[in-house]
Amino acid sequence: MGEDQIFLQRIFSTDPEVILSEDITYIYKINVPNQLTRERRNLNDLVMVNRLSTLEFDQKAKYSLFSRTMIARQLLTLTRYENLGIIARLGYLAKVANLFARNPIILFTLVNTIRKPKTKTALK
């Protein structure tokens with residue numbers, strides 16, 4: 001699981017031409033059974049997605065803020081899991097703090113995302 005995150009990061013790292021249209025091309029659903037962060041048993045998948053996201057990150061890409069924000073969200077989610085142990089959780093927290101320090105806009109982006117009501121949305 002998490003293949004949607006990897007797919008989106010790979011697409012946006014290629015500097016695609018973004019065209020706005022009325023057609024729905026991707027539907028993001030929340031609170032569904034196969035959502036990566038919904039169940040603790042998916043923790044290993046999230047760790048692997050985060051590692052792959054970090055390895056494949058292209059800071060020169062036009063949409064690198066998108067990828068940085070995704071990585072920050074993954075890291076913040078990983079800090080919530082007690083069964084990772086305090087050392088691992090602190091390590092993830094240090095990584096996200098480093099991301100915020102180098103890119104303060106990510107913190108602003110995440111705060112604005114969190115404050116919005118959780119509804120089903122679609123990219124158009």
# chains A, B, ... in the order shown; residues from 1 in each chain; ligands from 1
$ select_by_dssp --residues "chain A" --states "strand (DSSP E)" --output "PDB file with C-alpha atoms, in the first residue's frame"
ATOM      1  CA  TYR A  26      -7.867  11.037  -9.531  1.00  0.00           C
ATOM      2  CA  ILE A  27     -10.117  10.551  -6.537  1.00  0.00           C
ATOM      3  CA  TYR A  28      -8.641  10.788  -3.064  1.00  0.00           C
ATOM      4  CA  THR A 121     -12.160  15.509  -2.731  1.00  0.00           C
ATOM      5  CA  ALA A 122     -11.025  15.009  -6.277  1.00  0.00           C
ATOM      6  CA  LEU A 123      -8.212  16.512  -8.301  1.00  0.00           C
TER       7      LEU A 123
END
$ atom_distance --atom1 "CA of Gly91 in chain A" --atom2 "CA of Leu46 in chain A"
15.1 Å
$ closest_residue --among "A:Asn112, A:Asn44, A:Asn103, A:Asn31" --to "Ser64 in chain A" --atoms "only C-alpha atoms"
A:Asn103
$ closest_atom_pairs --of "range 47-86 of chain A" --to "range 7-19 of chain A" --cutoff "12 Å" --atoms "only C-alpha atoms" --output "CSV"
residue,atom,partner,partner_atom,distance
A:Val49,CA,A:Phe7,CA,10.6
A:Asn50,CA,A:Gln9,CA,11.2
A:Leu52,CA,A:Gln9,CA,10.1
A:Ser53,CA,A:Gln9,CA,7.3
A:Thr54,CA,A:Gln9,CA,10.2
A:Leu55,CA,A:Gln9,CA,11.3
A:Glu56,CA,A:Arg10,CA,7.9
A:Phe57,CA,A:Ser13,CA,7.5
A:Asp58,CA,A:Ser13,CA,6.2
A:Gln59,CA,A:Ser13,CA,8.6
A:Lys60,CA,A:Ser13,CA,8.5
A:Ala61,CA,A:Ser13,CA,5.3
A:Lys62,CA,A:Asp15,CA,5.5
A:Tyr63,CA,A:Phe12,CA,5.8
A:Ser64,CA,A:Ser13,CA,6.9
A:Leu65,CA,A:Phe12,CA,9.8
A:Phe66,CA,A:Gln9,CA,7.7
A:Ser67,CA,A:Gln9,CA,5.7
A:Arg68,CA,A:Gln9,CA,9.4
A:Thr69,CA,A:Gln9,CA,10.3
A:Met70,CA,A:Gln9,CA,8.2
A:Ile71,CA,A:Gln9,CA,9.6
$ closest_residue --among "A:Ala88, A:Leu76, A:Val32, A:Ile6" --to "Leu107 in chain A" --atoms "only C-alpha atoms"
A:Leu76
$ select_by_dssp --residues "chain A" --states "helix (DSSP H, G or I)" --output "ChimeraX atom specification"
/A:3-13,40-56,64-78,82-84,86-102,104-115
$ atom_distance --atom1 "CA of Gln74 in chain A" --atom2 "CA of Gln5 in chain A"
9.8 Å
$ closest_residue --among "A:Arg102, A:Leu93, A:Gly2, A:Thr109" --to "Arg80 in chain A" --atoms "only C-alpha atoms"
A:Leu93
